[in-house]
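Shown next: run-v8.pdb, containing PDB, C-alpha atoms and all ligand atoms.
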MODEL        1
ATOM      1  CA  MET F   1      15.328 -18.375  -2.628  1.00  0.00           C
ATOM      2  CA  SER F   2      12.739 -18.753  -5.353  1.00  0.00           C
ATOM      3  CA  GLN F   3      10.113 -16.189  -6.257  1.00  0.00           C
ATOM      4  CA  THR F   4       6.574 -17.534  -6.549  1.00  0.00           C
ATOM      5  CA  ILE F   5       3.027 -16.403  -7.062  1.00  0.00           C
ATOM      6  CA  ILE F   6       0.810 -18.545  -4.852  1.00  0.00           C
ATOM      7  CA  ASP F   7      -2.027 -18.727  -7.342  1.00  0.00           C
ATOM      8  CA  THR F   8      -0.924 -20.189 -10.640  1.00  0.00           C
ATOM      9  CA  GLU F   9      -3.466 -19.316 -13.320  1.00  0.00           C
ATOM     10  CA  VAL F  10      -1.759 -18.525 -16.593  1.00  0.00           C
ATOM     11  CA  PRO F  11      -2.819 -15.029 -17.642  1.00  0.00           C
ATOM     12  CA  SER F  12      -3.028 -13.662 -21.127  1.00  0.00           C
ATOM     13  CA  PRO F  13      -2.015 -10.052 -20.695  1.00  0.00           C
ATOM     14  CA  GLY F  14      -3.740  -7.567 -22.913  1.00  0.00           C
ATOM     15  CA  GLN F  15      -7.010  -9.537 -23.163  1.00  0.00           C
ATOM     16  CA  ALA F  16      -8.763  -7.670 -20.370  1.00  0.00           C
ATOM     17  CA  PRO F  17      -9.032  -3.955 -19.676  1.00  0.00           C
ATOM     18  CA  ALA F  18      -6.597  -3.063 -16.930  1.00  0.00           C
ATOM     19  CA  ALA F  19      -7.720  -1.778 -13.546  1.00  0.00           C
ATOM     20  CA  ALA F  20      -5.738   1.068 -12.039  1.00  0.00           C
ATOM     21  CA  ARG F  21      -2.796  -0.250  -9.996  1.00  0.00           C
ATOM     22  CA  VAL F  22      -1.899   1.457  -6.732  1.00  0.00           C
ATOM     23  CA  GLY F  23       1.192   0.552  -4.703  1.00  0.00           C
ATOM     24  CA  ILE F  24       1.420   0.753  -0.917  1.00  0.00           C
ATOM     25  CA  GLY F  25       4.983   0.711   0.402  1.00  0.00           C
ATOM     26  CA  GLY F  26       6.705   1.579   3.650  1.00  0.00           C
ATOM     27  CA  PRO F  27       8.843   0.341   6.508  1.00  0.00           C
ATOM     28  CA  VAL F  28       8.079  -2.842   8.440  1.00  0.00           C
ATOM     29  CA  GLY F  29       5.092  -2.419  10.742  1.00  0.00           C
ATOM     30  CA  SER F  30       4.125   1.100   9.655  1.00  0.00           C
ATOM     31  CA  GLY F  31       0.540  -0.034   9.086  1.00  0.00           C
ATOM     32  CA  LYS F  32       0.336  -1.001   5.393  1.00  0.00           C
ATOM     33  CA  THR F  33      -1.957  -3.982   5.976  1.00  0.00           C
ATOM     34  CA  ALA F  34      -4.040  -1.996   8.468  1.00  0.00           C
ATOM     35  CA  LEU F  35      -4.433   0.656   5.763  1.00  0.00           C
ATOM     36  CA  VAL F  36      -5.511  -1.960   3.211  1.00  0.00           C
ATOM     37  CA  GLU F  37      -8.069  -3.246   5.725  1.00  0.00           C
ATOM     38  CA  ARG F  38      -9.445   0.284   6.097  1.00  0.00           C
ATOM     39  CA  LEU F  39      -9.416   1.091   2.376  1.00  0.00           C
ATOM     40  CA  ILE F  40     -11.325  -2.027   1.315  1.00  0.00           C
ATOM     41  CA  PRO F  41     -14.662  -1.068   2.920  1.00  0.00           C
ATOM     42  CA  ALA F  42     -14.144   2.665   2.364  1.00  0.00           C
ATOM     43  CA  LEU F  43     -13.523   2.231  -1.368  1.00  0.00           C
ATOM     44  CA  GLY F  44     -16.267  -0.391  -1.597  1.00  0.00           C
ATOM     45  CA  ALA F  45     -18.739   2.108  -0.146  1.00  0.00           C
ATOM     46  CA  GLU F  46     -17.824   4.434  -3.030  1.00  0.00           C
ATOM     47  CA  GLY F  47     -18.640   1.720  -5.567  1.00  0.00           C
ATOM     48  CA  VAL F  48     -15.011   0.958  -6.393  1.00  0.00           C
ATOM     49  CA  ASP F  49     -14.579  -2.639  -7.627  1.00  0.00           C
ATOM     50  CA  LEU F  50     -11.418  -3.748  -5.840  1.00  0.00           C
ATOM     51  CA  ALA F  51      -8.798  -6.506  -5.617  1.00  0.00           C
ATOM     52  CA  VAL F  52      -5.618  -6.807  -3.569  1.00  0.00           C
ATOM     53  CA  ILE F  53      -2.125  -8.202  -4.053  1.00  0.00           C
ATOM     54  CA  THR F  54       0.110  -8.661  -1.033  1.00  0.00           C
ATOM     55  CA  ASN F  55       3.865  -9.214  -1.014  1.00  0.00           C
ATOM     56  CA  ASP F  56       5.657 -11.111   1.719  1.00  0.00           C
ATOM     57  CA  LEU F  57       9.210 -12.347   2.008  1.00  0.00           C
ATOM     58  CA  VAL F  58       8.678 -16.110   2.272  1.00  0.00           C
ATOM     59  CA  THR F  59       5.085 -16.508   3.460  1.00  0.00           C
ATOM     60  CA  LYS F  60       1.602 -15.438   2.419  1.00  0.00           C
ATOM     61  CA  GLU F  61       0.794 -14.112   5.870  1.00  0.00           C
ATOM     62  CA  ASP F  62      -0.533 -10.702   4.851  1.00  0.00           C
ATOM     63  CA  ALA F  63      -2.732 -12.246   2.127  1.00  0.00           C
ATOM     64  CA  GLU F  64      -4.151 -14.753   4.617  1.00  0.00           C
ATOM     65  CA  ARG F  65      -4.830 -11.920   7.067  1.00  0.00           C
ATOM     66  CA  VAL F  66      -6.746  -9.922   4.449  1.00  0.00           C
ATOM     67  CA  ARG F  67      -8.574 -13.056   3.213  1.00  0.00           C
ATOM     68  CA  ARG F  68      -9.644 -13.911   6.767  1.00  0.00           C
ATOM     69  CA  SER F  69     -10.742 -10.345   7.505  1.00  0.00           C
ATOM     70  CA  GLY F  70     -14.150 -10.923   5.949  1.00  0.00           C
ATOM     71  CA  LEU F  71     -13.828  -7.543   4.237  1.00  0.00           C
ATOM     72  CA  ILE F  72     -13.381  -8.885   0.699  1.00  0.00           C
ATOM     73  CA  ASP F  73     -14.010 -12.073  -1.276  1.00  0.00           C
ATOM     74  CA  PRO F  74     -10.836 -14.094  -0.491  1.00  0.00           C
ATOM     75  CA  GLU F  75     -10.537 -14.968  -4.195  1.00  0.00           C
ATOM     76  CA  ARG F  76      -9.810 -11.298  -4.842  1.00  0.00           C
ATOM     77  CA  VAL F  77      -6.633 -11.400  -2.764  1.00  0.00           C
ATOM     78  CA  LEU F  78      -3.489 -12.762  -4.415  1.00  0.00           C
ATOM     79  CA  ALA F  79      -0.179 -13.341  -2.654  1.00  0.00           C
ATOM     80  CA  VAL F  80       3.282 -12.853  -4.098  1.00  0.00           C
ATOM     81  CA  GLU F  81       6.232 -14.316  -2.224  1.00  0.00           C
ATOM     82  CA  ALA F  82       9.196 -12.075  -2.959  1.00  0.00           C
ATOM     83  CA  GLY F  83      11.857 -14.497  -1.756  1.00  0.00           C
ATOM     84  CA  ALA F  84      14.213 -11.515  -1.691  1.00  0.00           C
ATOM     85  CA  CYS F  85      14.325  -7.906  -0.529  1.00  0.00           C
ATOM     86  CA  PRO F  86      10.753  -6.614  -0.948  1.00  0.00           C
ATOM     87  CA  HIS F  87      11.777  -3.819  -3.281  1.00  0.00           C
ATOM     88  CA  THR F  88      13.115  -6.346  -5.800  1.00  0.00           C
ATOM     89  CA  VAL F  89       9.609  -7.413  -6.869  1.00  0.00           C
ATOM     90  CA  ILE F  90       8.084  -3.941  -6.908  1.00  0.00           C
ATOM     91  CA  ARG F  91      10.970  -2.136  -8.579  1.00  0.00           C
ATOM     92  CA  GLU F  92      13.862  -4.097 -10.121  1.00  0.00           C
ATOM     93  CA  ASP F  93      11.768  -6.941 -11.558  1.00  0.00           C
ATOM     94  CA  PRO F  94       8.047  -6.462 -10.950  1.00  0.00           C
ATOM     95  CA  THR F  95       7.063  -9.312 -13.297  1.00  0.00           C
ATOM     96  CA  LEU F  96       5.445 -11.435 -10.584  1.00  0.00           C
ATOM     97  CA  ASN F  97       3.270  -8.572  -9.433  1.00  0.00           C
ATOM     98  CA  MET F  98       2.386  -7.575 -12.998  1.00  0.00           C
ATOM     99  CA  THR F  99       1.387 -11.176 -13.726  1.00  0.00           C
ATOM    100  CA  ALA F 100      -0.755 -11.309 -10.591  1.00  0.00           C
ATOM    101  CA  ALA F 101      -2.460  -8.033 -11.550  1.00  0.00           C
ATOM    102  CA  ASP F 102      -3.072  -9.343 -15.085  1.00  0.00           C
ATOM    103  CA  GLN F 103      -4.714 -12.430 -13.528  1.00  0.00           C
ATOM    104  CA  LEU F 104      -7.061 -10.251 -11.524  1.00  0.00           C
ATOM    105  CA  ASP F 105      -7.955  -8.178 -14.589  1.00  0.00           C
ATOM    106  CA  LEU F 106      -8.840 -11.381 -16.432  1.00  0.00           C
ATOM    107  CA  ARG F 107     -10.868 -12.824 -13.578  1.00  0.00           C
ATOM    108  CA  TYR F 108     -12.935  -9.758 -12.773  1.00  0.00           C
ATOM    109  CA  ALA F 109     -14.480  -7.807 -15.624  1.00  0.00           C
ATOM    110  CA  GLY F 110     -15.131  -4.270 -14.458  1.00  0.00           C
ATOM    111  CA  LEU F 111     -12.371  -4.251 -11.865  1.00  0.00           C
ATOM    112  CA  ASP F 112     -11.547  -0.626 -11.055  1.00  0.00           C
ATOM    113  CA  LEU F 113      -8.556  -0.768  -8.735  1.00  0.00           C
ATOM    114  CA  ILE F 114      -5.865  -3.185  -7.540  1.00  0.00           C
ATOM    115  CA  LEU F 115      -4.072  -2.342  -4.300  1.00  0.00           C
ATOM    116  CA  ILE F 116      -0.533  -3.787  -4.300  1.00  0.00           C
ATOM    117  CA  GLU F 117       0.926  -3.908  -0.791  1.00  0.00           C
ATOM    118  CA  SER F 118       4.680  -4.255  -0.683  1.00  0.00           C
ATOM    119  CA  GLY F 119       6.435  -6.237   1.967  1.00  0.00           C
ATOM    120  CA  GLY F 120       7.858  -4.100   4.772  1.00  0.00           C
ATOM    121  CA  ASP F 121      11.055  -2.451   3.586  1.00  0.00           C
ATOM    122  CA  ASN F 122      13.124   0.632   4.324  1.00  0.00           C
ATOM    123  CA  LEU F 123      12.879   4.307   3.490  1.00  0.00           C
ATOM    124  CA  ALA F 124      14.533   3.766   0.113  1.00  0.00           C
ATOM    125  CA  SER F 125      11.863   1.532  -1.407  1.00  0.00           C
ATOM    126  CA  THR F 126      10.035   2.814  -4.474  1.00  0.00           C
ATOM    127  CA  PHE F 127       7.682   1.256  -7.036  1.00  0.00           C
ATOM    128  CA  SER F 128       8.385   0.750 -10.727  1.00  0.00           C
ATOM    129  CA  LEU F 129       5.994   2.765 -12.870  1.00  0.00           C
ATOM    130  CA  ASP F 130       5.779  -0.320 -15.101  1.00  0.00           C
ATOM    131  CA  LEU F 131       3.856  -1.890 -12.215  1.00  0.00           C
ATOM    132  CA  VAL F 132       1.761   0.899 -10.695  1.00  0.00           C
ATOM    133  CA  ASP F 133      -0.037   4.030 -11.843  1.00  0.00           C
ATOM    134  CA  TYR F 134       0.289   5.651  -8.429  1.00  0.00           C
ATOM    135  CA  TRP F 135       1.941   4.736  -5.148  1.00  0.00           C
ATOM    136  CA  MET F 136       1.570   5.604  -1.514  1.00  0.00           C
ATOM    137  CA  PHE F 137       4.261   5.398   1.129  1.00  0.00           C
ATOM    138  CA  VAL F 138       3.264   4.732   4.746  1.00  0.00           C
ATOM    139  CA  ILE F 139       5.457   5.855   7.630  1.00  0.00           C
ATOM    140  CA  ASP F 140       4.371   6.042  11.237  1.00  0.00           C
ATOM    141  CA  VAL F 141       5.034   8.381  14.107  1.00  0.00           C
ATOM    142  CA  ALA F 142       6.385   5.590  16.297  1.00  0.00           C
ATOM    143  CA  GLY F 143       9.245   5.191  13.806  1.00  0.00           C
ATOM    144  CA  GLY F 144      10.418   8.670  14.845  1.00  0.00           C
ATOM    145  CA  GLY F 145       9.457  12.248  14.083  1.00  0.00           C
ATOM    146  CA  ASP F 146      12.732  12.726  12.206  1.00  0.00           C
ATOM    147  CA  ILE F 147      11.872  10.287   9.385  1.00  0.00           C
ATOM    148  CA  PRO F 148      10.771  12.977   6.884  1.00  0.00           C
ATOM    149  CA  ARG F 149      14.030  14.914   7.465  1.00  0.00           C
ATOM    150  CA  LYS F 150      15.996  11.849   6.350  1.00  0.00           C
ATOM    151  CA  ARG F 151      14.562  12.349   2.840  1.00  0.00           C
ATOM    152  CA  GLY F 152      14.311   8.677   1.890  1.00  0.00           C
ATOM    153  CA  PRO F 153      13.139   8.134  -1.701  1.00  0.00           C
ATOM    154  CA  GLY F 154       9.846   6.650  -0.484  1.00  0.00           C
ATOM    155  CA  VAL F 155       9.127   9.729   1.600  1.00  0.00           C
ATOM    156  CA  VAL F 156      10.177  12.173  -1.097  1.00  0.00           C
ATOM    157  CA  GLN F 157       9.003  10.541  -4.338  1.00  0.00           C
ATOM    158  CA  SER F 158       5.727   8.773  -3.517  1.00  0.00           C
ATOM    159  CA  ASP F 159       2.537  10.226  -4.996  1.00  0.00           C
ATOM    160  CA  LEU F 160       1.002  10.313  -1.523  1.00  0.00           C
ATOM    161  CA  LEU F 161       2.827  10.163   1.807  1.00  0.00           C
ATOM    162  CA  ILE F 162       0.820   8.830   4.715  1.00  0.00           C
ATOM    163  CA  ILE F 163       1.897   9.474   8.297  1.00  0.00           C
ATOM    164  CA  ASN F 164       0.097   6.732  10.221  1.00  0.00           C
ATOM    165  CA  LYS F 165      -0.425   6.045  13.940  1.00  0.00           C
ATOM    166  CA  SER F 166      -1.178   9.711  14.599  1.00  0.00           C
ATOM    167  CA  ASP F 167      -2.743   8.547  17.870  1.00  0.00           C
ATOM    168  CA  LEU F 168       0.669   7.481  19.163  1.00  0.00           C
ATOM    169  CA  ALA F 169       2.358  10.888  18.784  1.00  0.00           C
ATOM    170  CA  PRO F 170       1.882  11.984  22.424  1.00  0.00           C
ATOM    171  CA  HIS F 171       3.056   8.586  23.653  1.00  0.00           C
ATOM    172  CA  VAL F 172       6.321   8.596  21.725  1.00  0.00           C
ATOM    173  CA  GLY F 173       7.203  12.260  22.143  1.00  0.00           C
ATOM    174  CA  VAL F 174       6.593  13.262  18.532  1.00  0.00           C
ATOM    175  CA  ASP F 175       5.351  16.717  17.552  1.00  0.00           C
ATOM    176  CA  LEU F 176       2.874  15.692  14.875  1.00  0.00           C
ATOM    177  CA  ALA F 177       2.467  19.181  13.388  1.00  0.00           C
ATOM    178  CA  GLN F 178       6.245  19.517  13.022  1.00  0.00           C
ATOM    179  CA  MET F 179       6.560  16.039  11.486  1.00  0.00           C
ATOM    180  CA  GLU F 180       3.846  16.884   8.961  1.00  0.00           C
ATOM    181  CA  ALA F 181       5.432  20.267   8.153  1.00  0.00           C
ATOM    182  CA  GLU F 182       8.846  18.673   7.593  1.00  0.00           C
ATOM    183  CA  ALA F 183       7.271  16.028   5.375  1.00  0.00           C
ATOM    184  CA  ARG F 184       5.614  18.699   3.265  1.00  0.00           C
ATOM    185  CA  ALA F 185       8.893  20.616   3.065  1.00  0.00           C
ATOM    186  CA  VAL F 186      10.803  17.703   1.495  1.00  0.00           C
ATOM    187  CA  ARG F 187       8.010  16.714  -0.929  1.00  0.00           C
ATOM    188  CA  ASP F 188       7.907  19.672  -3.256  1.00  0.00           C
ATOM    189  CA  GLY F 189       4.126  20.101  -3.058  1.00  0.00           C
ATOM    190  CA  ARG F 190       3.152  16.439  -3.259  1.00  0.00           C
ATOM    191  CA  PRO F 191       0.432  15.558  -0.730  1.00  0.00           C
ATOM    192  CA  VAL F 192       0.835  14.339   2.848  1.00  0.00           C
ATOM    193  CA  LEU F 193      -2.043  12.851   4.870  1.00  0.00           C
ATOM    194  CA  LEU F 194      -2.273  11.808   8.510  1.00  0.00           C
ATOM    195  CA  THR F 195      -4.086   8.626   9.518  1.00  0.00           C
ATOM    196  CA  ASN F 196      -5.029   6.544  12.490  1.00  0.00           C
ATOM    197  CA  CYS F 197      -5.730   3.129  11.042  1.00  0.00           C
ATOM    198  CA  ARG F 198      -6.948   1.904  14.432  1.00  0.00           C
ATOM    199  CA  THR F 199      -9.973   4.204  14.237  1.00  0.00           C
ATOM    200  CA  GLY F 200     -10.172   4.973  10.514  1.00  0.00           C
ATOM    201  CA  GLU F 201      -9.376   8.658  11.003  1.00  0.00           C
ATOM    202  CA  GLY F 202      -7.988  10.154   7.786  1.00  0.00           C
ATOM    203  CA  ILE F 203      -9.105   7.300   5.531  1.00  0.00           C
ATOM    204  CA  ASP F 204     -11.789   9.396   3.798  1.00  0.00           C
ATOM    205  CA  ALA F 205      -9.110  11.817   2.573  1.00  0.00           C
ATOM    206  CA  ILE F 206      -7.132   8.941   1.039  1.00  0.00           C
ATOM    207  CA  VAL F 207     -10.246   7.639  -0.704  1.00  0.00           C
ATOM    208  CA  ALA F 208     -10.915  11.141  -2.038  1.00  0.00           C
ATOM    209  CA  ALA F 209      -7.336  11.377  -3.340  1.00  0.00           C
ATOM    210  CA  LEU F 210      -7.576   7.965  -5.041  1.00  0.00           C
ATOM    211  CA  LYS F 211     -10.906   8.849  -6.632  1.00  0.00           C
ATOM    212  CA  HIS F 212      -9.619  12.180  -7.908  1.00  0.00           C
ATOM    213  CA  ASP F 213      -6.031  11.342  -8.886  1.00  0.00           C
ATOM    214  CA  VAL F 214      -6.322   7.680  -9.935  1.00  0.00           C
ATOM    215  CA  LEU F 215      -9.930   6.922 -10.893  1.00  0.00           C
ATOM    216  CA  PHE F 216     -10.655  10.435 -12.218  1.00  0.00           C
ATOM    217  CA  ARG F 217     -14.126  10.436 -10.646  1.00  0.00           C
TER     218      ARG F 217
HETATM  219  N1  LIG L   1      -1.828   2.749  17.524  1.00  0.00           N
HETATM  220  C1  LIG L   1      -1.883   2.429  16.232  1.00  0.00           C
HETATM  221  N2  LIG L   1      -1.481   1.209  15.841  1.00  0.00           N
HETATM  222  C2  LIG L   1      -1.556   0.911  14.516  1.00  0.00           C
HETATM  223  C3  LIG L   1      -2.040   1.818  13.554  1.00  0.00           C
HETATM  224  N3  LIG L   1      -1.965   1.240  12.328  1.00  0.00           N
HETATM  225  C4  LIG L   1      -1.477   0.007  12.529  1.00  0.00           C
HETATM  226  N4  LIG L   1      -1.229  -0.210  13.845  1.00  0.00           N
HETATM  227  C5  LIG L   1      -0.658  -1.402  14.481  1.00  0.00           C
HETATM  228  O1  LIG L   1       0.686  -1.511  14.049  1.00  0.00           O
HETATM  229  C6  LIG L   1       1.055  -2.877  13.909  1.00  0.00           C
HETATM  230  C7  LIG L   1       1.594  -3.117  12.510  1.00  0.00           C
HETATM  231  O2  LIG L   1       0.531  -2.906  11.592  1.00  0.00           O
HETATM  232  P1  LIG L   1       0.491  -3.679  10.195  1.00  0.00           P
HETATM  233  O3  LIG L   1      -0.716  -3.218   9.458  1.00  0.00           O
HETATM  234  O4  LIG L   1       0.661  -5.141  10.397  1.00  0.00           O
HETATM  235  O5  LIG L   1       1.823  -3.092   9.548  1.00  0.00           O
HETATM  236  P2  LIG L   1       2.511  -3.485   8.148  1.00  0.00           P
HETATM  237  O6  LIG L   1       3.147  -2.249   7.632  1.00  0.00           O
HETATM  238  O7  LIG L   1       1.515  -4.160   7.259  1.00  0.00           O
HETATM  239  O8  LIG L   1       3.597  -4.525   8.632  1.00  0.00           O
HETATM  240  P3  LIG L   1       4.563  -5.468   7.702  1.00  0.00           P
HETATM  241  O9  LIG L   1       3.667  -6.077   6.642  1.00  0.00           O
HETATM  242  O10 LIG L   1       5.082  -6.474   8.676  1.00  0.00           O
HETATM  243  O11 LIG L   1       5.605  -4.584   7.161  1.00  0.00           O
HETATM  244  C8  LIG L   1      -0.196  -3.688  14.239  1.00  0.00           C
HETATM  245  O12 LIG L   1      -0.111  -4.116  15.569  1.00  0.00           O
HETATM  246  C9  LIG L   1      -1.321  -2.692  14.040  1.00  0.00           C
HETATM  247  O13 LIG L   1      -2.460  -2.959  14.842  1.00  0.00           O
HETATM  248  C10 LIG L   1      -2.459   3.122  14.005  1.00  0.00           C
HETATM  249  O14 LIG L   1      -2.856   4.018  13.243  1.00  0.00           O
HETATM  250  N5  LIG L   1      -2.339   3.358  15.351  1.00  0.00           N
ENDMDL
END

Represent the supplied structure as structure tokens.
Ligand SMILES: Nc1nc2c(ncn2[C@@H]2O[C@H](COP(=O)(O)OP(=O)(O)OP(=O)(O)O)[C@@H](O)[C@H]2O)c(=O)[nH]1
Amino acid sequence: MSQTIIDTEVPSPGQAPAAARVGIGGPVGSGKTALVERLIPALGAEGVDLAVITNDLVTKEDAERVRRSGLIDPERVLAVEAGACPHTVIREDPTLNMTAADQLDLRYAGLDLILIESGGDNLASTFSLDLVDYWMFVIDVAGGGDIPRKRGPGVVQSDLLIINKSDLAPHVGVDLAQMEAEARAVRDGRPVLLTNCRTGEGIDAIVAALKHDVLFR
């Protein structure tokens, strides 16, 4: 399968100041796109000039979803089709994503932040630090309260671990406090935040972390 960027402007890397690049990874269906949809207005309200790159296997479904959301100028959303395991284009060879981010830097002077959503993957996915300055990993309670104990590289190494779908804990028999404690135990002090992307609960804390740790505001 081929790897393509949907939008085909030819960038000239290095000509524009680079916005901070933040990766969002995690298993299939954990709520990565829902998180992006929450972060766009929340970061916008803080005056953060934003663009988004989505990664899908062989479609541009997530990009179309974000473009249609009405939350952001659709031109600010680029799609990368991985055509392979999602981690390939965020870790082994992130060239397509780097090129897409360079395009956005060139198009939008004053861009502060580019969110790069990975395609749904497994607990082992990580981002290349050639691509991102900071990366978040999204797991969800419906995937099982034992996920942190499995110590996947995404859970352990990400700059920020997000445990999403906190609202579902009572429905799936997960002890949320224990899941959070076990996540903290395997992360050697790196932060863990709980979210409910259905309601927006917990999003403010992510925005605060991004402002402090990435934008230095
Ligand atoms: N109850 C509940 N549902 C959620 C929450 N966040 C996301 N969802 C739902 O979970 C499903 C998957 O969410 P997505 O945002 O599409 O997940 P994703 O990680 O982007 O999925 P892929 O891109 O396919 O890997 C959707 O039906 C969302 O509405 C949450 O906090 N609580």

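Straight-line separation from atom CA of Asp146 of chain F to atom CA of Ile163 of chain F: 12.0 Å.
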
>> Could you list, as a PyMOL selection string, every residue matched by the PyMOL selection byres (((chain F and resi 30-42) around 9) and not hetatm) in this structure?
In response: chain F and resi 24-29+43-46+48+50-52+54+62+65-66+69+71-72+115+117-120+137-143+163-165+195-198+200+203-204+206-207

Please produce a file of those selected residues containing C-alpha atoms, as an mmCIF file, in the frame of the given file.
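Written output follows (result05.cif):
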data_model
loop_
_atom_site.group_PDB
_atom_site.id
_atom_site.type_symbol
_atom_site.label_atom_id
_atom_site.label_comp_id
_atom_site.auth_asym_id
_atom_site.auth_seq_id
_atom_site.Cartn_x
_atom_site.Cartn_y
_atom_site.Cartn_z
ATOM 1 C CA ILE F 24 1.420 0.753 -0.917
ATOM 2 C CA GLY F 25 4.983 0.711 0.402
ATOM 3 C CA GLY F 26 6.705 1.579 3.650
ATOM 4 C CA PRO F 27 8.843 0.341 6.508
ATOM 5 C CA VAL F 28 8.079 -2.842 8.440
ATOM 6 C CA GLY F 29 5.092 -2.419 10.742
ATOM 7 C CA LEU F 43 -13.523 2.231 -1.368
ATOM 8 C CA GLY F 44 -16.267 -0.391 -1.597
ATOM 9 C CA ALA F 45 -18.739 2.108 -0.146
ATOM 10 C CA GLU F 46 -17.824 4.434 -3.030
ATOM 11 C CA VAL F 48 -15.011 0.958 -6.393
ATOM 12 C CA LEU F 50 -11.418 -3.748 -5.840
ATOM 13 C CA ALA F 51 -8.798 -6.506 -5.617
ATOM 14 C CA VAL F 52 -5.618 -6.807 -3.569
ATOM 15 C CA THR F 54 0.110 -8.661 -1.033
ATOM 16 C CA ASP F 62 -0.533 -10.702 4.851
ATOM 17 C CA ARG F 65 -4.830 -11.920 7.067
ATOM 18 C CA VAL F 66 -6.746 -9.922 4.449
ATOM 19 C CA SER F 69 -10.742 -10.345 7.505
ATOM 20 C CA LEU F 71 -13.828 -7.543 4.237
ATOM 21 C CA ILE F 72 -13.381 -8.885 0.699
ATOM 22 C CA LEU F 115 -4.072 -2.342 -4.300
ATOM 23 C CA GLU F 117 0.926 -3.908 -0.791
ATOM 24 C CA SER F 118 4.680 -4.255 -0.683
ATOM 25 C CA GLY F 119 6.435 -6.237 1.967
ATOM 26 C CA GLY F 120 7.858 -4.100 4.772
ATOM 27 C CA PHE F 137 4.261 5.398 1.129
ATOM 28 C CA VAL F 138 3.264 4.732 4.746
ATOM 29 C CA ILE F 139 5.457 5.855 7.630
ATOM 30 C CA ASP F 140 4.371 6.042 11.237
ATOM 31 C CA VAL F 141 5.034 8.381 14.107
ATOM 32 C CA ALA F 142 6.385 5.590 16.297
ATOM 33 C CA GLY F 143 9.245 5.191 13.806
ATOM 34 C CA ILE F 163 1.897 9.474 8.297
ATOM 35 C CA ASN F 164 0.097 6.732 10.221
ATOM 36 C CA LYS F 165 -0.425 6.045 13.940
ATOM 37 C CA THR F 195 -4.086 8.626 9.518
ATOM 38 C CA ASN F 196 -5.029 6.544 12.490
ATOM 39 C CA CYS F 197 -5.730 3.129 11.042
ATOM 40 C CA ARG F 198 -6.948 1.904 14.432
ATOM 41 C CA GLY F 200 -10.172 4.973 10.514
ATOM 42 C CA ILE F 203 -9.105 7.300 5.531
ATOM 43 C CA ASP F 204 -11.789 9.396 3.798
ATOM 44 C CA ILE F 206 -7.132 8.941 1.039
ATOM 45 C CA VAL F 207 -10.246 7.639 -0.704
#

> For ligand LIG 1 (chain L), which residue out of F:Asp105, F:Glu201, F:Glu75, F:Asp175 is the nearest one, using only C-alpha atoms and all ligand atoms?
Replying inline: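 Of F:Asp105, F:Glu201, F:Glu75, F:Asp175, the one nearest ligand LIG 1 (chain L) is F:Glu201, counting only C-alpha atoms and all ligand atoms.
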
Around segment 166-174 of chain F, fit a box with edges along x, y and z, padding it by 8 Å on each side, then list its centre and edge lengths in Å to one decimal as JSON.
{"center_x": 2.2, "center_y": 10.4, "center_z": 19.1, "size_x": 25.9, "size_y": 21.8, "size_z": 25.1}

Neighbour list for Ile162 of chain F as a JSON list (two decimals) with C-alpha atoms, in the coordinates of the input, cut-off 6 Å, only C-alpha atoms, skip fewer than 3 positions in-chain:
[["chain", "number", "residue", "atom", "x", "y", "z"],
["F", 138, "VAL", "CA", 3.26, 4.73, 4.75],
["F", 192, "VAL", "CA", 0.84, 14.34, 2.85],
["F", 193, "LEU", "CA", -2.04, 12.85, 4.87],
["F", 194, "LEU", "CA", -2.27, 11.81, 8.51]]

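Nearest residue to Asp133 of chain F, choosing from F:Thr199, F:Ser166, F:Thr88, F:Ser158 and counting all atoms listed in the file: F:Ser158.
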
> Closest to ligand LIG 1 (chain L) among F:Pro148, F:Gly154, F:Pro86, F:Gly110, using all atoms listed in the file?
Replying inline: F:Pro86

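Summary of the local environment: counting only C-alpha atoms, residues at most 8 Å from Val214 of chain F, other than itself and those fewer than 5 positions away along its chain, are Ala20, Asp133, Tyr134 and Ala209 of chain F.
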
Those same residues, written as a CSV table (one decimal), in the coordinates of the input with C-alpha atoms?
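Writing done, so here's part_10.csv:
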chain,number,residue,atom,x,y,z
F,20,ALA,CA,-5.7,1.1,-12.0
F,133,ASP,CA,0.0,4.0,-11.8
F,134,TYR,CA,0.3,5.7,-8.4
F,209,ALA,CA,-7.3,11.4,-3.3

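Separating atom CA of Ala177 of chain F from atom O10 of ligand LIG 1 (chain L) is a distance of 26.2 Å.
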
>> Which residues are close to Ala183 of chain F, i.e. within 9 Å by all atoms listed in the file, leaving aside same-chain residues fewer than 4 positions away? Reply as a list in words.
In response: Ile147, Pro148, Arg149, Arg151, Val155, Val156, Leu161, Ile163, Gln178, Met179, Arg187 and Val192 of chain F

> Could you name the residues that touch Ile114 of chain F at 10 Å or less, counting only C-alpha atoms, but leaving out those on the same chain fewer than 6 positions away, as a ChimeraX atom specification?
Replying inline: /F:18-23,49-53,76-77,101,104-105,132

> So how many Å separate atom CA of Phe127 of chain F and atom O9 of ligand LIG 1 (chain L), to one decimal?
Replying inline: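 Here the two named atoms are 16.0 Å from each other.
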
> Which residue out of F:Ala124, F:Ala100, F:Ala63, F:Ala208 has the minimum interatomic distance to ligand LIG 1 (chain L) when all atoms listed in the file are used?
Replying inline: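 Ranked by minimum distance to ligand LIG 1 (chain L), first place goes to F:Ala63.
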
>> As a check of understanding, name the residues that the PyMOL selection byres (((chain F and resi 159) around 6) and not hetatm) selects in the supplied structure, as a list of chain:residue names.
In response: F:Trp135, F:Met136, F:Ser158, F:Leu160
